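Listing of coords04.txt, compact mmCIF, C-alpha atoms and all ligand atoms
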```txt
# COMPACT_ATOMS: atom_id res chain seq x y z
CA MET A 1 6.42 -27.98 -8.51
CA THR A 2 9.38 -25.60 -8.76
CA ASN A 3 12.75 -27.13 -7.99
CA CYS A 4 15.78 -25.33 -6.70
CA SER A 5 18.17 -24.10 -9.39
CA LYS A 6 21.23 -24.94 -7.28
CA CYS A 7 20.43 -28.51 -6.35
CA ALA A 8 18.08 -29.94 -8.95
CA ASN A 9 17.15 -33.00 -6.91
CA ALA A 10 15.95 -31.19 -3.81
CA LYS A 11 12.27 -30.66 -3.19
CA ALA A 12 10.59 -27.28 -2.87
CA GLU A 13 8.78 -26.89 0.40
CA THR A 14 6.46 -24.19 1.68
CA ARG A 15 6.21 -22.45 5.03
CA VAL A 16 4.03 -19.59 6.26
CA LEU A 17 6.08 -16.68 7.57
CA ALA A 18 5.23 -15.14 10.94
CA GLU A 19 6.38 -11.79 9.59
CA PHE A 20 7.20 -10.66 6.07
CA ASP A 21 8.32 -7.21 4.97
CA ALA A 22 6.33 -6.67 1.77
CA SER A 23 7.62 -3.13 1.05
CA GLY A 24 9.88 -4.34 -1.78
CA LEU A 25 7.23 -6.43 -3.50
CA LEU A 26 4.50 -3.81 -3.11
CA GLY A 27 6.77 -0.89 -3.95
CA THR A 28 5.76 1.09 -0.89
CA PRO A 29 8.08 3.85 0.39
CA PHE A 30 7.15 2.84 3.95
CA VAL A 31 7.29 -0.47 5.77
CA VAL A 32 4.46 -2.97 5.37
CA LEU A 33 4.72 -6.03 7.57
CA ILE A 34 2.43 -8.96 6.85
CA HIS A 35 1.82 -11.45 9.60
CA ASP A 36 1.08 -15.18 9.19
CA ALA A 37 -0.07 -14.95 5.58
CA VAL A 38 2.87 -14.94 3.16
CA LYS A 39 4.02 -18.34 1.94
CA GLU A 40 7.73 -18.82 1.39
CA LYS A 41 8.91 -21.53 -0.97
CA PHE A 42 12.30 -22.87 -0.05
CA CYS A 43 14.57 -25.70 -1.01
CA SER A 44 14.67 -28.61 1.40
CA GLY A 45 18.23 -29.36 0.29
CA CYS A 46 20.11 -26.07 0.56
CA GLU A 47 17.51 -23.93 2.39
CA GLY A 48 17.70 -21.47 -0.54
CA ILE A 49 14.60 -19.29 -0.87
CA ILE A 50 12.75 -19.86 -4.13
CA GLY A 51 10.06 -17.22 -3.81
CA HIS A 52 7.16 -15.69 -1.91
CA VAL A 53 3.43 -15.87 -2.47
CA ILE A 54 1.25 -13.05 -1.16
CA PRO A 55 -2.48 -13.81 -1.07
CA SER A 56 -4.59 -11.38 -3.19
CA PRO A 57 -1.77 -8.88 -3.85
CA ASP A 58 -4.01 -6.42 -5.74
CA ASN A 59 -6.39 -6.21 -2.83
CA LEU A 60 -3.43 -5.76 -0.52
CA VAL A 61 -2.12 -2.76 -2.49
CA ALA A 62 -5.58 -1.19 -2.27
CA VAL A 63 -5.77 -1.78 1.50
CA VAL A 64 -2.26 -0.40 2.04
CA ALA A 65 -3.06 2.71 -0.04
CA ILE A 66 -6.24 3.33 1.99
CA LEU A 67 -4.42 2.89 5.29
CA ARG A 68 -1.68 5.30 4.26
CA ALA A 69 -4.29 7.79 3.01
CA CYS A 70 -5.95 7.72 6.43
CA ASN A 71 -2.65 8.28 8.26
CA PRO A 72 -2.24 12.05 8.77
CA ILE A 73 1.56 12.20 8.36
CA LYS A 74 2.49 14.51 5.46
CA LEU A 75 2.96 12.67 2.15
CA ASN A 76 6.34 12.77 0.45
CA GLY A 77 6.94 12.49 -3.29
CA ALA A 78 7.54 8.74 -3.26
CA GLU A 79 4.23 8.21 -1.43
CA ILE A 80 2.39 10.40 -3.91
CA ARG A 81 3.85 8.25 -6.70
CA PHE A 82 2.81 5.06 -4.89
CA PHE A 83 -0.75 6.44 -4.63
CA ARG A 84 -0.86 7.31 -8.32
CA LYS A 85 0.46 3.91 -9.38
CA SER A 86 -1.95 2.16 -7.01
CA VAL A 87 -4.92 3.69 -8.87
CA GLY A 88 -3.32 3.01 -12.27
CA LEU A 89 -3.45 6.59 -13.54
CA LYS A 90 -0.94 8.66 -15.49
CA ALA A 91 0.33 11.90 -13.94
CA LYS A 92 -1.73 13.86 -16.49
CA GLU A 93 -4.92 11.99 -15.58
CA ILE A 94 -4.61 12.35 -11.83
CA ALA A 95 -3.56 16.01 -12.18
CA GLU A 96 -6.78 16.65 -14.09
CA ARG A 97 -8.89 15.18 -11.30
CA LEU A 98 -7.15 17.34 -8.73
CA ASP A 99 -7.44 20.44 -10.91
CA LEU A 100 -3.64 20.70 -11.15
CA THR A 101 -1.44 20.97 -14.20
CA PRO A 102 0.62 17.84 -14.97
CA GLU A 103 3.75 19.92 -14.31
CA GLN A 104 2.55 20.87 -10.81
CA PHE A 105 1.67 17.27 -10.04
CA SER A 106 5.07 16.05 -11.29
CA ARG A 107 6.87 18.52 -9.05
CA TYR A 108 5.02 17.09 -6.03
CA GLU A 109 5.65 13.52 -7.14
CA ASN A 110 9.34 14.14 -7.77
CA GLY A 111 9.72 15.75 -4.36
CA LYS A 112 10.80 19.08 -5.87
CA LYS A 113 8.02 20.87 -4.01
CA PRO A 114 5.91 19.71 -1.05
CA ILE A 115 2.25 19.24 -1.97
CA SER A 116 -0.06 21.75 -0.31
CA ASP A 117 -2.35 20.34 2.39
CA VAL A 118 -5.49 21.08 0.36
CA TYR A 119 -4.33 19.12 -2.70
CA GLU A 120 -2.92 16.41 -0.48
CA LYS A 121 -6.32 15.87 1.12
CA LEU A 122 -8.04 15.79 -2.27
CA LEU A 123 -5.51 13.21 -3.43
CA ARG A 124 -6.10 11.09 -0.31
CA ALA A 125 -9.87 11.24 -0.86
CA GLU A 126 -9.50 10.37 -4.56
CA VAL A 127 -7.30 7.37 -3.73
CA CYS A 128 -9.70 6.09 -1.05
CA LEU A 129 -12.78 6.51 -3.24
CA HIS A 130 -11.05 4.61 -6.04
CA HIS A 131 -9.93 1.70 -3.87
CA LEU A 132 -13.12 1.45 -1.82
CA GLU A 133 -14.80 0.09 -4.95
CA SER A 134 -12.71 -3.06 -4.66
CA VAL A 135 -12.03 -3.18 -0.93
CA LYS A 136 -15.05 -3.76 1.19
CA LYS A 137 -14.99 -4.17 4.97
CA ILE A 138 -13.00 -0.99 5.47
CA ASP A 139 -14.78 2.14 6.60
CA VAL A 140 -13.27 5.41 5.49
CA ASP A 141 -14.67 8.70 6.69
CA ILE A 142 -14.07 10.80 3.57
CA ARG A 143 -15.46 13.92 5.24
CA GLY A 144 -13.07 13.38 8.15
CA LEU A 145 -10.25 12.82 5.71
CA LEU A 146 -10.93 16.15 3.98
CA ALA A 147 -10.96 17.87 7.39
CA MET A 148 -7.79 16.07 8.56
CA ASN A 149 -4.94 18.00 10.12
CA ILE A 150 -1.84 16.96 8.23
CA VAL A 151 1.02 16.16 10.61
CA SER A 152 4.49 17.40 9.72
CA VAL A 153 7.13 14.67 9.38
CA ARG A 154 9.25 16.67 11.82
CA ASP A 155 6.70 15.94 14.57
CA VAL A 156 6.76 12.19 13.99
CA ALA A 157 8.92 10.03 16.24
CA LYS A 158 8.78 6.76 14.30
CA PRO A 159 8.68 6.08 10.56
CA ILE A 160 5.43 4.66 9.22
CA THR A 161 5.02 0.91 9.62
CA LEU A 162 1.79 -0.80 8.65
CA ARG A 163 1.15 -4.22 10.16
CA LEU A 164 -1.37 -6.39 8.36
CA ILE A 165 -3.08 -9.55 9.43
CA GLN A 166 -5.13 -11.73 7.16
CA VAL A 167 -8.79 -11.97 8.11
CA THR A 168 -11.09 -14.77 7.04
CA ILE A 169 -14.52 -13.56 6.10
CA ASP A 170 -17.11 -15.66 4.30
CA ASP A 171 -18.50 -13.68 1.41
CA ASP A 172 -19.01 -13.95 -2.33
CA ASP A 173 -15.64 -12.71 -3.58
CA ASN A 174 -12.64 -14.86 -2.79
CA LYS A 175 -10.27 -12.02 -2.04
CA THR A 176 -8.24 -11.99 1.13
CA LYS A 177 -9.32 -9.37 3.65
CA TRP A 178 -6.77 -7.57 5.78
CA ARG A 179 -6.87 -6.04 9.18
CA ASN A 180 -4.50 -3.34 10.31
CA GLU A 181 -2.76 -3.97 13.59
CA ALA A 182 -1.61 -0.74 15.22
CA ALA A 183 2.17 -0.66 15.07
ZN ZN B 201 18.63 -26.15 -3.16
```
For the structure just supplied, provide its representation as structure tokens.
Ligand SMILES: [Zn+2]
Amino acid sequence: MTNCSKCANAKAETRVLAEFDASGLLGTPFVVLIHDAVKEKFCSGCEGIIGHVIPSPDNLVAVVAILRACNPIKLNGAEIRFFRKSVGLKAKEIAERLDLTPEQFSRYENGKKPISDVYEKLLRAEVCLHHLESVKKIDVDIRGLLAMNIVSVRDVAKPITLRLIQVTIDDDDNKTKWRNEAA
């Protein structure tokens, strides 16, 4: 049991949060709200927050990456970086798969130049195919993704917010499954 650093005698208690903004912990450049799944440890003495526990965080990153890849709003540099980190590849490695030079890819990732729609769709497909190996129970239409019409950020009224709800499914792996709730 972890005790509070401010009042050593107080007990750590746990509550499940109705809503938790996981953007900071996941490193997403858009908002990810998790409902009724994140446990918050807090001190019963001073109410100080000790920490948060997200169930199956790796699986969550994969789900979030897939959901963003299926959302047609144009990717910005920070999102391209999030995608690359989510698949654990270096800029050079992912550039090779997209048939780009590392310099071209870095310009997109650093936001110096917008990625062209064709490369953006290839990147989305690559990210989905990678994560679909670990995330089951999500259907992604790769053909549809490659035919997607990318939507300009200028035409979007609200910033991207993903809302995730934990789903209990009985199967062999013990990973948490997530369902996307339309924002
Ligand atoms: Zn305390």
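Proximity to Ser134 in chain A was assessed for A:Lys121, A:Arg97, A:Arg15, A:Lys177 counting all atoms listed in the file; the smallest distance is recorded for A:Lys177.
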Using all atoms listed in the file, which protein or nucleic acid residues are at most 10 Å from ligand ZN 201 (chain B), as a ChimeraX atom specification? /A:3-12,42-50
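Using all atoms listed in the file, the smallest distance between any of A:Ile80, A:Lys137, A:Asp155, A:Asn149 and Val118 in chain A comes from A:Asn149.
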Could you check which residues have any atom within 12 Å of (8.6, 17.8, -10.9), counting only C-alpha atoms with coordinates taken straight from the file, and then list them as a VMD selection string? chain A and resid 77 to 78 80 to 81 91 101 to 115
Six-sided padding of 4 Å per side, axis-aligned box over range 146-153 of chain A, centre and edges in Å, one decimal, as lines of an AutoDock Vina configuration file:
```
center_x = -1.9
center_y = 16.3
center_z = 7.3
size_x = 26.1
size_y = 11.3
size_z = 14.6
```
As an exercise, work out the distance from CA of Val64 in chain A to CA of Val32 in chain A in Å and give it to one decimal place.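 That distance, rounded to one decimal, is 7.9 Å.
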To one decimal in Å, tell me the separation between CA of Cys70 in chain A and CA of Gly24 in chain A. 21.5 Å
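Closest approach to Val135 in chain A among A:Glu19, A:Asp99, A:Asp58, A:Asp36 is made by A:Asp58 (distances from all atoms listed in the file).
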Exercise: Lys74 in chain A partners within 10 Å, all atoms listed in the file, chain neighbours under 4 positions left out, as a PyMOL selection string: chain A and resi 69+79+114-117+120-121+149-154+156
Between CA of Ala62 in chain A and CA of Glu40 in chain A, what is the distance, to one decimal in Å?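 A separation of 22.4 Å between them.
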A:Ala37, A:Cys128, A:Leu145, A:Ala18 ranked by distance to Ile54 in chain A, top pick (using all atoms listed in the file):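 Using all atoms listed in the file, the shortest distance to Ile54 in chain A belongs to A:Ala37.
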Closest to Glu13 in chain A among A:His52, A:Arg68, A:Arg124, A:Lys92, using all atoms listed in the file?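 Once distances to Glu13 in chain A are computed over all atoms listed in the file, the minimum belongs to A:His52.
Among the candidates A:Ala95, A:Val16, A:Ile165, A:Leu75, the residue lying nearest to Pro29 in chain A is A:Leu75 (atoms considered: all atoms listed in the file).
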For a cutoff of 12 Å around the file-coordinate point (-9.6, -7.0, 1.7), which residues qualify once you count all atoms listed in the file? I'd like the result as a PyMOL selection string. chain A and resi 55-67+131-139+164-171+173-180
Residue subset to file, keeping C-alpha atoms, as a short mmCIF file (atom, residue, chain, number, x, y, z; two decimals), in the frame of the given file:
```cif
data_model
loop_
_atom_site.label_atom_id
_atom_site.label_comp_id
_atom_site.auth_asym_id
_atom_site.auth_seq_id
_atom_site.Cartn_x
_atom_site.Cartn_y
_atom_site.Cartn_z
CA PRO A 55 -2.48 -13.81 -1.07
CA SER A 56 -4.59 -11.38 -3.19
CA PRO A 57 -1.77 -8.88 -3.85
CA ASP A 58 -4.01 -6.42 -5.74
CA ASN A 59 -6.39 -6.21 -2.83
CA LEU A 60 -3.43 -5.76 -0.52
CA VAL A 61 -2.12 -2.76 -2.49
CA ALA A 62 -5.58 -1.19 -2.27
CA VAL A 63 -5.77 -1.78 1.50
CA VAL A 64 -2.26 -0.40 2.04
CA ALA A 65 -3.06 2.71 -0.04
CA ILE A 66 -6.24 3.33 1.99
CA LEU A 67 -4.42 2.89 5.29
CA HIS A 131 -9.93 1.70 -3.87
CA LEU A 132 -13.12 1.45 -1.82
CA GLU A 133 -14.80 0.09 -4.95
CA SER A 134 -12.71 -3.06 -4.66
CA VAL A 135 -12.03 -3.18 -0.93
CA LYS A 136 -15.05 -3.76 1.19
CA LYS A 137 -14.99 -4.17 4.97
CA ILE A 138 -13.00 -0.99 5.47
CA ASP A 139 -14.78 2.14 6.60
CA LEU A 164 -1.37 -6.39 8.36
CA ILE A 165 -3.08 -9.55 9.43
CA GLN A 166 -5.13 -11.73 7.16
CA VAL A 167 -8.79 -11.97 8.11
CA THR A 168 -11.09 -14.77 7.04
CA ILE A 169 -14.52 -13.56 6.10
CA ASP A 170 -17.11 -15.66 4.30
CA ASP A 171 -18.50 -13.68 1.41
CA ASP A 173 -15.64 -12.71 -3.58
CA ASN A 174 -12.64 -14.86 -2.79
CA LYS A 175 -10.27 -12.02 -2.04
CA THR A 176 -8.24 -11.99 1.13
CA LYS A 177 -9.32 -9.37 3.65
CA TRP A 178 -6.77 -7.57 5.78
CA ARG A 179 -6.87 -6.04 9.18
CA ASN A 180 -4.50 -3.34 10.31
#
```
